[in-house]
Amino acid sequence: MKSFLLSALALLFWAGTVSSAPFSPEVMHLSAPTNIYYTFDGSTLSIPVNVTGAPGSAVFLVFTKDKAQSISKVQNGYLGWHYVNKIDTCLYVSTFMDMVKGDNTITWDGTDETGNTVSEDVYTYYIWAYDNVTPKVKMTGQVSYDWECRSIIQTHDQQGNPLVRPVLWYSPQSYDGAEAQSLKTRIKWVIGGDPEDAALKETCTYMSWAENSSLALDPADHTMFFTQTLRPDSYLSMWKMKWVPNGEAILQTDWAENGMLDYSTKMQAGWSFYSGPISDGGDNLFFTDADLQGVGTETNIVVASASEGVVTRRIDVSEWWVDIADGDAGGQNSGGPSDLMFMNGVLIASSHSSCIDQLIDPYADDDGEATLWVNQNGDLTGDHNFEENAARPWVCNDYNVGPYKYSATLDDNLFAMFPAYDMGAVSFGLYAPDGTGLGYHSFSGETANFKASQRFIDYGSAYDGLYADNQSAATDTGGWWFVGHDSIKGTITNQVGVAEDAPSAFTVAQNVPNPFNPTTT
């Protein structure tokens, strides 16, 4: 009996240990030469690529380098589907290829997409990869993953230093048509804890009207945050509040007008689909003022000051999102943007009711120069209605045709991905850094069921990778889940680099200020 009790206690201890295991993913990492020499003579270039952490699937791309200023407002493709401006562009895309753990080789024959040999010059190459072999790993089961994900992942602290453990800030969705205020609950989750430990979840509550808003941290004080609600009088109202751990948020009445920055808009009360404030980590907050119901003639990206609580600029993007001449489309070309994300100095704009995705430089002096690329119909990636014989091929808001995209997200090299629902057993669509469509792809074990959204962690942490929902799974469909991912870039050139030359001289200088000083260099 004593032996049985000891065995039972040991089993109980083992089970408790397993259930309290922290989240510790196997991070995918790519490595390849930063600078590659090539003769541009039609020979085969072999690029060694090492993969650690997880196997997967990868694509190789070749781009122009330092040619952005000479590329001005180029619109081409079927029905003018692709627009690029002041951005280096893609010349070559490989097919997706399997990548094993360990050593791999990528080859290129020096040609572009049309099969012509590219001229001798300096080019940027990219490799983008993700794990399509290993099943998803649960990061947390304590935070929901909504269909139009407004949650953000914080990667740096208030001083700009990288966090050892990034933080997920969950945002609730409330747009059921009700015009009364209701309780909103925000959630903070420090990534790396036990996925099932509810005690690790921190909350903060407040009352507001219809809200589908991201949360933006105050760059000057990360205990403060901004959110946005739609009042019954159709004014967007941005609030600044203090985060109270497991308590009620406190409105900061010394900011803007009694803690609120109000902005007149066209959205029907109770149905807010706006993105809410997006921070650039500095003083700028971005949000959308878009025509989502076919009643407006203008769409703007609005810029506000986090410190002053005033609107500082409106970036007019009506050219891409509003077409009042198209009566059949309800006075709009599509609907949006309803979603924004900021990464490395740019915004990506997208919508749940549109085929359009757009990369924006929010610091451009002129609105016409703010758009870096736009991907519309005709690319076969992200399109609702691309067939040449479609009834209205120029219309992007056909709600009866997939993919249902919801939002777009960027990695550190500005590859953009979006969820792809109603396209069969695929998980996401992918764009290159200039908006070139890279097709649809699947996570391991994915089915044809619902997909919500994705987020990247991509700053050299122990948690780098893709984070997605798991709602298409047969069991354990809740929470946030990890998939391995990495992307890298380098240079291809026919110029011999300094690193390949022998040093011309070698000397050792006398240390200073003198050999006996306690501090010497």
# chains A, B, ... in the order shown; residues from 1 in each chain; ligands from 1

call {"tool": "residues_around", "arguments": {"residues": "segment 150-162 of chain A", "least_positions_apart": "6", "cutoff": "8 Å", "atoms": "only C-alpha atoms", "output": "list in words"}}
result
Leu168, Trp169, Tyr170, Ser171, Pro172, Asn212, Ser213, Ser214, Leu215, Pro219, Ala220, Asp221, His222, Ser275, Arg455, Ile457 and Tyr459 of chain A

call {"tool": "select_by_dssp", "arguments": {"residues": "segment 177-391 of chain A", "states": "strand (DSSP E)", "output": "JSON, numbers by chain"}}
result
{"A": [182, 183, 184, 185, 186, 187, 188, 189, 190, 202, 203, 204, 205, 206, 207, 208, 216, 217, 218, 221, 222, 223, 224, 225, 226, 227, 228, 229, 230, 235, 236, 237, 238, 239, 240, 241, 242, 247, 248, 250, 251, 260, 261, 262, 263, 264, 278, 279, 284, 285, 286, 287, 288, 289, 300, 301, 302, 303, 304, 305, 311, 312, 313, 314, 315, 316, 339, 340, 341, 342, 343, 346, 347, 348, 349, 350, 357, 358, 359, 360, 371, 372, 373, 374, 375]}

call {"tool": "residues_around", "arguments": {"residues": "segment 437-440 of chain A", "least_positions_apart": "3", "cutoff": "9 Å", "atoms": "only C-alpha atoms", "output": "NGL selection string"}}
result
:A and (59 or 93 or 375 or 379-382 or 420 or 423 or 426-432)

call {"tool": "write_last_selection", "arguments": {"atoms": "N, CA, C and O atoms", "output": "PDB file, in the first residue's frame"}}
result
ATOM      1  N   VAL A  59      10.658  30.793 -49.863  1.00  0.00           N
ATOM      2  CA  VAL A  59      10.649  31.407 -51.185  1.00  0.00           C
ATOM      3  C   VAL A  59      11.840  32.354 -51.269  1.00  0.00           C
ATOM      4  O   VAL A  59      12.219  33.000 -50.278  1.00  0.00           O
ATOM      5  N   VAL A  93      10.893  35.868 -58.462  1.00  0.00           N
ATOM      6  CA  VAL A  93      10.333  35.086 -57.355  1.00  0.00           C
ATOM      7  C   VAL A  93      10.465  33.611 -57.703  1.00  0.00           C
ATOM      8  O   VAL A  93      10.023  33.174 -58.769  1.00  0.00           O
ATOM      9  N   ASN A 375      -2.026  46.695 -53.777  1.00  0.00           N
ATOM     10  CA  ASN A 375      -2.353  45.444 -54.454  1.00  0.00           C
ATOM     11  C   ASN A 375      -3.867  45.365 -54.566  1.00  0.00           C
ATOM     12  O   ASN A 375      -4.584  45.363 -53.560  1.00  0.00           O
ATOM     13  N   ASP A 379      -4.026  40.055 -59.314  1.00  0.00           N
ATOM     14  CA  ASP A 379      -2.768  39.430 -58.922  1.00  0.00           C
ATOM     15  C   ASP A 379      -2.958  37.968 -58.521  1.00  0.00           C
ATOM     16  O   ASP A 379      -1.991  37.263 -58.298  1.00  0.00           O
ATOM     17  N   LEU A 380      -4.184  37.546 -58.400  1.00  0.00           N
ATOM     18  CA  LEU A 380      -4.541  36.198 -57.952  1.00  0.00           C
ATOM     19  C   LEU A 380      -4.187  35.951 -56.493  1.00  0.00           C
ATOM     20  O   LEU A 380      -4.334  34.844 -56.005  1.00  0.00           O
ATOM     21  N   THR A 381      -3.693  36.966 -55.796  1.00  0.00           N
ATOM     22  CA  THR A 381      -3.450  36.873 -54.358  1.00  0.00           C
ATOM     23  C   THR A 381      -4.230  37.979 -53.667  1.00  0.00           C
ATOM     24  O   THR A 381      -4.022  39.158 -53.945  1.00  0.00           O
ATOM     25  N   GLY A 382      -5.138  37.597 -52.784  1.00  0.00           N
ATOM     26  CA  GLY A 382      -5.908  38.583 -52.039  1.00  0.00           C
ATOM     27  C   GLY A 382      -7.117  39.125 -52.763  1.00  0.00           C
ATOM     28  O   GLY A 382      -7.742  40.065 -52.276  1.00  0.00           O
ATOM     29  N   ALA A 420      -6.683  33.757 -44.876  1.00  0.00           N
ATOM     30  CA  ALA A 420      -7.411  33.406 -46.094  1.00  0.00           C
ATOM     31  C   ALA A 420      -8.463  32.364 -45.760  1.00  0.00           C
ATOM     32  O   ALA A 420      -8.171  31.174 -45.669  1.00  0.00           O
ATOM     33  N   MET A 423     -11.109  29.658 -48.876  1.00  0.00           N
ATOM     34  CA  MET A 423     -10.252  29.312 -50.010  1.00  0.00           C
ATOM     35  C   MET A 423      -9.834  27.845 -49.927  1.00  0.00           C
ATOM     36  O   MET A 423      -8.865  27.438 -50.567  1.00  0.00           O
ATOM     37  N   VAL A 426      -6.366  26.332 -46.861  1.00  0.00           N
ATOM     38  CA  VAL A 426      -5.217  27.232 -46.824  1.00  0.00           C
ATOM     39  C   VAL A 426      -5.358  28.139 -45.607  1.00  0.00           C
ATOM     40  O   VAL A 426      -6.465  28.343 -45.089  1.00  0.00           O
ATOM     41  N   SER A 427      -4.227  28.688 -45.161  1.00  0.00           N
ATOM     42  CA  SER A 427      -4.211  29.477 -43.927  1.00  0.00           C
ATOM     43  C   SER A 427      -4.063  30.964 -44.173  1.00  0.00           C
ATOM     44  O   SER A 427      -4.677  31.779 -43.498  1.00  0.00           O
ATOM     45  N   PHE A 428      -3.208  31.332 -45.140  1.00  0.00           N
ATOM     46  CA  PHE A 428      -2.897  32.744 -45.313  1.00  0.00           C
ATOM     47  C   PHE A 428      -2.444  33.025 -46.738  1.00  0.00           C
ATOM     48  O   PHE A 428      -1.995  32.137 -47.467  1.00  0.00           O
ATOM     49  N   GLY A 429      -2.579  34.300 -47.132  1.00  0.00           N
ATOM     50  CA  GLY A 429      -1.983  34.807 -48.353  1.00  0.00           C
ATOM     51  C   GLY A 429      -0.788  35.659 -47.995  1.00  0.00           C
ATOM     52  O   GLY A 429      -0.676  36.172 -46.884  1.00  0.00           O
ATOM     53  N   LEU A 430       0.132  35.824 -48.946  1.00  0.00           N
ATOM     54  CA  LEU A 430       1.400  36.476 -48.663  1.00  0.00           C
ATOM     55  C   LEU A 430       1.752  37.468 -49.761  1.00  0.00           C
ATOM     56  O   LEU A 430       1.550  37.189 -50.954  1.00  0.00           O
ATOM     57  N   TYR A 431       2.276  38.640 -49.357  1.00  0.00           N
ATOM     58  CA  TYR A 431       2.802  39.643 -50.276  1.00  0.00           C
ATOM     59  C   TYR A 431       4.291  39.838 -50.027  1.00  0.00           C
ATOM     60  O   TYR A 431       4.749  39.824 -48.874  1.00  0.00           O
ATOM     61  N   ALA A 432       5.041  40.106 -51.104  1.00  0.00           N
ATOM     62  CA  ALA A 432       6.436  40.519 -50.992  1.00  0.00           C
ATOM     63  C   ALA A 432       6.499  41.967 -50.506  1.00  0.00           C
ATOM     64  O   ALA A 432       5.476  42.663 -50.445  1.00  0.00           O
TER      65      ALA A 432
END

call {"tool": "residues_around", "arguments": {"residues": "Lys451 of chain A", "least_positions_apart": "2", "cutoff": "8 Å", "atoms": "only C-alpha atoms", "output": "number ranges by chain"}}
result
A: 147, 419-421, 427, 449, 453, 469-472

call {"tool": "write_last_selection", "arguments": {"atoms": "N, CA and C atoms", "output": "PDB file, in the first residue's frame"}}
result
ATOM      1  N   TRP A 147     -11.903  37.531 -34.939  1.00  0.00           N
ATOM      2  CA  TRP A 147     -11.808  37.447 -36.390  1.00  0.00           C
ATOM      3  C   TRP A 147     -11.148  38.671 -37.011  1.00  0.00           C
ATOM      4  N   PRO A 419      -5.064  36.526 -43.299  1.00  0.00           N
ATOM      5  CA  PRO A 419      -5.776  35.249 -43.208  1.00  0.00           C
ATOM      6  C   PRO A 419      -6.572  35.010 -44.480  1.00  0.00           C
ATOM      7  N   ALA A 420      -6.683  33.757 -44.876  1.00  0.00           N
ATOM      8  CA  ALA A 420      -7.411  33.406 -46.094  1.00  0.00           C
ATOM      9  C   ALA A 420      -8.463  32.364 -45.760  1.00  0.00           C
ATOM     10  N   TYR A 421      -9.678  32.847 -45.569  1.00  0.00           N
ATOM     11  CA  TYR A 421     -10.808  31.952 -45.276  1.00  0.00           C
ATOM     12  C   TYR A 421     -11.678  31.819 -46.516  1.00  0.00           C
ATOM     13  N   SER A 427      -4.227  28.688 -45.161  1.00  0.00           N
ATOM     14  CA  SER A 427      -4.211  29.477 -43.927  1.00  0.00           C
ATOM     15  C   SER A 427      -4.063  30.964 -44.173  1.00  0.00           C
ATOM     16  N   ASN A 449     -11.800  25.177 -42.576  1.00  0.00           N
ATOM     17  CA  ASN A 449     -12.632  25.966 -41.671  1.00  0.00           C
ATOM     18  C   ASN A 449     -12.080  27.372 -41.478  1.00  0.00           C
ATOM     19  N   SER A 453      -6.676  35.516 -38.049  1.00  0.00           N
ATOM     20  CA  SER A 453      -5.647  36.504 -38.337  1.00  0.00           C
ATOM     21  C   SER A 453      -4.295  35.969 -37.911  1.00  0.00           C
ATOM     22  N   ASP A 469      -4.568  31.989 -34.858  1.00  0.00           N
ATOM     23  CA  ASP A 469      -5.639  31.269 -34.171  1.00  0.00           C
ATOM     24  C   ASP A 469      -5.566  29.789 -34.539  1.00  0.00           C
ATOM     25  N   ASN A 470      -6.427  28.988 -33.933  1.00  0.00           N
ATOM     26  CA  ASN A 470      -6.476  27.549 -34.220  1.00  0.00           C
ATOM     27  C   ASN A 470      -7.917  27.104 -34.407  1.00  0.00           C
ATOM     28  N   GLN A 471      -8.735  28.009 -34.939  1.00  0.00           N
ATOM     29  CA  GLN A 471     -10.169  27.749 -35.011  1.00  0.00           C
ATOM     30  C   GLN A 471     -10.554  26.721 -36.067  1.00  0.00           C
ATOM     31  N   SER A 472      -9.624  26.369 -36.942  1.00  0.00           N
ATOM     32  CA  SER A 472      -9.933  25.335 -37.929  1.00  0.00           C
ATOM     33  C   SER A 472      -9.609  23.931 -37.425  1.00  0.00           C
TER      34      SER A 472
END

call {"tool": "closest_residue", "arguments": {"among": "A:Pro25, A:Gly281, A:Pro403, A:Gly484", "to": "Val133 of chain A", "atoms": "only C-alpha atoms"}}
result
A:Gly484

call {"tool": "closest_residue", "arguments": {"among": "A:Ala199, A:Met224, A:Val62, A:Met207", "to": "Leu183 of chain A", "atoms": "only C-alpha atoms"}}
result
A:Met207

call {"tool": "closest_atom_pairs", "arguments": {"of": "segment 153-264 of chain A", "to": "segment 284-297 of chain A", "cutoff": "10 Å", "atoms": "only C-alpha atoms", "output": "CSV"}}
result
residue,atom,partner,partner_atom,distance
A:Ser213,CA,A:Phe287,CA,9.5
A:Ser214,CA,A:Phe287,CA,9.6
A:Ala216,CA,A:Leu285,CA,7.8
A:Leu217,CA,A:Leu285,CA,9.8
A:Asp218,CA,A:Leu285,CA,9.4
A:Pro219,CA,A:Asn284,CA,9.2
A:Phe226,CA,A:Leu285,CA,9.0
A:Gln228,CA,A:Phe287,CA,9.1
A:Leu236,CA,A:Asp289,CA,8.8
A:Met238,CA,A:Phe287,CA,9.7
A:Tyr263,CA,A:Asp289,CA,8.8
A:Ser264,CA,A:Asp289,CA,8.7

call {"tool": "select_by_dssp", "arguments": {"residues": "segment 199-360 of chain A", "states": "alpha helix (DSSP H)", "output": "mmCIF file with C-alpha atoms, in the first residue's frame"}}
result
data_model
loop_
_atom_site.group_PDB
_atom_site.id
_atom_site.type_symbol
_atom_site.label_atom_id
_atom_site.label_comp_id
_atom_site.auth_asym_id
_atom_site.auth_seq_id
_atom_site.Cartn_x
_atom_site.Cartn_y
_atom_site.Cartn_z
ATOM 1 C CA SER A 318 -9.676 58.341 -51.231
ATOM 2 C CA GLU A 319 -8.098 57.647 -54.623
ATOM 3 C CA TRP A 320 -7.779 53.998 -53.652
ATOM 4 C CA TRP A 321 -10.724 53.409 -51.326
#

call {"tool": "residues_around", "arguments": {"residues": "Val483 of chain A", "least_positions_apart": "4", "cutoff": "8 Å", "atoms": "only C-alpha atoms", "output": "ChimeraX atom specification"}}
result
/A:130-131,134-137,443,465-468

call {"tool": "write_last_selection", "arguments": {"atoms": "C-alpha atoms", "output": "compact mmCIF listing (two decimals), in the first residue's frame"}}
result
# COMPACT_ATOMS: atom_id res chain seq x y z
CA TYR A 130 7.69 29.30 -42.32
CA ASP A 131 7.18 25.91 -40.69
CA THR A 134 5.28 20.92 -37.32
CA PRO A 135 1.81 21.20 -35.70
CA LYS A 136 1.02 24.55 -34.07
CA VAL A 137 2.09 25.01 -30.46
CA PHE A 443 -0.03 25.63 -41.73
CA GLY A 465 7.67 33.42 -35.05
CA LEU A 466 4.14 33.55 -36.38
CA TYR A 467 1.14 33.63 -34.05
CA ALA A 468 -2.28 32.58 -35.30

call {"tool": "residues_around", "arguments": {"residues": "Asn35 of chain A", "least_positions_apart": "6", "cutoff": "8 Å", "atoms": "only C-alpha atoms", "output": "PyMOL selection string"}}
result
chain A and resi 490-493+497

call {"tool": "write_last_selection", "arguments": {"atoms": "N, CA, C and O atoms", "output": "PDB file, in the first residue's frame"}}
result
ATOM      1  N   GLY A 490      19.877  39.941 -48.003  1.00  0.00           N
ATOM      2  CA  GLY A 490      21.286  40.192 -48.235  1.00  0.00           C
ATOM      3  C   GLY A 490      21.462  40.879 -49.573  1.00  0.00           C
ATOM      4  O   GLY A 490      20.497  41.344 -50.195  1.00  0.00           O
ATOM      5  N   THR A 491      22.697  40.929 -50.050  1.00  0.00           N
ATOM      6  CA  THR A 491      23.025  41.642 -51.277  1.00  0.00           C
ATOM      7  C   THR A 491      23.688  40.694 -52.275  1.00  0.00           C
ATOM      8  O   THR A 491      24.551  39.892 -51.899  1.00  0.00           O
ATOM      9  N   ILE A 492      23.289  40.801 -53.544  1.00  0.00           N
ATOM     10  CA  ILE A 492      23.936  40.101 -54.650  1.00  0.00           C
ATOM     11  C   ILE A 492      24.609  41.156 -55.521  1.00  0.00           C
ATOM     12  O   ILE A 492      23.963  42.114 -55.963  1.00  0.00           O
ATOM     13  N   THR A 493      25.907  41.001 -55.783  1.00  0.00           N
ATOM     14  CA  THR A 493      26.655  42.019 -56.518  1.00  0.00           C
ATOM     15  C   THR A 493      27.822  41.386 -57.255  1.00  0.00           C
ATOM     16  O   THR A 493      28.279  40.296 -56.905  1.00  0.00           O
ATOM     17  N   GLY A 497      33.791  42.658 -52.305  1.00  0.00           N
ATOM     18  CA  GLY A 497      33.633  43.365 -51.048  1.00  0.00           C
ATOM     19  C   GLY A 497      34.947  43.514 -50.311  1.00  0.00           C
ATOM     20  O   GLY A 497      35.926  42.809 -50.567  1.00  0.00           O
TER      21      GLY A 497
END

call {"tool": "residues_around", "arguments": {"residues": "Gly247 of chain A", "least_positions_apart": "2", "cutoff": "9 Å", "atoms": "only C-alpha atoms", "output": "PyMOL selection string"}}
result
chain A and resi 203-206+243-245+249

call {"tool": "write_last_selection", "arguments": {"atoms": "N, CA, C and O atoms", "output": "compact mmCIF listing (two decimals), in the first residue's frame"}}
result
# COMPACT_ATOMS: atom_id res chain seq x y z
N THR A 203 -6.06 41.82 -16.19
CA THR A 203 -7.15 42.50 -16.87
C THR A 203 -7.27 43.95 -16.43
O THR A 203 -6.74 44.35 -15.39
N CYS A 204 -7.99 44.73 -17.22
CA CYS A 204 -8.34 46.11 -16.88
C CYS A 204 -9.65 46.42 -17.58
O CYS A 204 -9.80 46.12 -18.77
N THR A 205 -10.62 47.00 -16.88
CA THR A 205 -11.96 47.20 -17.43
C THR A 205 -12.33 48.68 -17.48
O THR A 205 -11.74 49.52 -16.80
N TYR A 206 -13.33 48.98 -18.32
CA TYR A 206 -13.90 50.32 -18.41
C TYR A 206 -15.20 50.22 -19.20
O TYR A 206 -15.47 49.21 -19.87
N TRP A 243 -3.77 52.23 -17.04
CA TRP A 243 -4.00 50.80 -16.83
C TRP A 243 -3.90 50.49 -15.34
O TRP A 243 -2.88 50.77 -14.70
N VAL A 244 -4.96 49.92 -14.78
CA VAL A 244 -4.97 49.51 -13.38
C VAL A 244 -5.02 47.98 -13.36
O VAL A 244 -6.04 47.39 -13.74
N PRO A 245 -3.92 47.32 -12.97
CA PRO A 245 -3.90 45.85 -13.01
C PRO A 245 -5.06 45.23 -12.25
O PRO A 245 -5.28 45.51 -11.06
N ALA A 249 -9.89 50.99 -15.33
CA ALA A 249 -9.03 52.00 -15.93
C ALA A 249 -9.46 53.40 -15.48
O ALA A 249 -10.64 53.65 -15.22
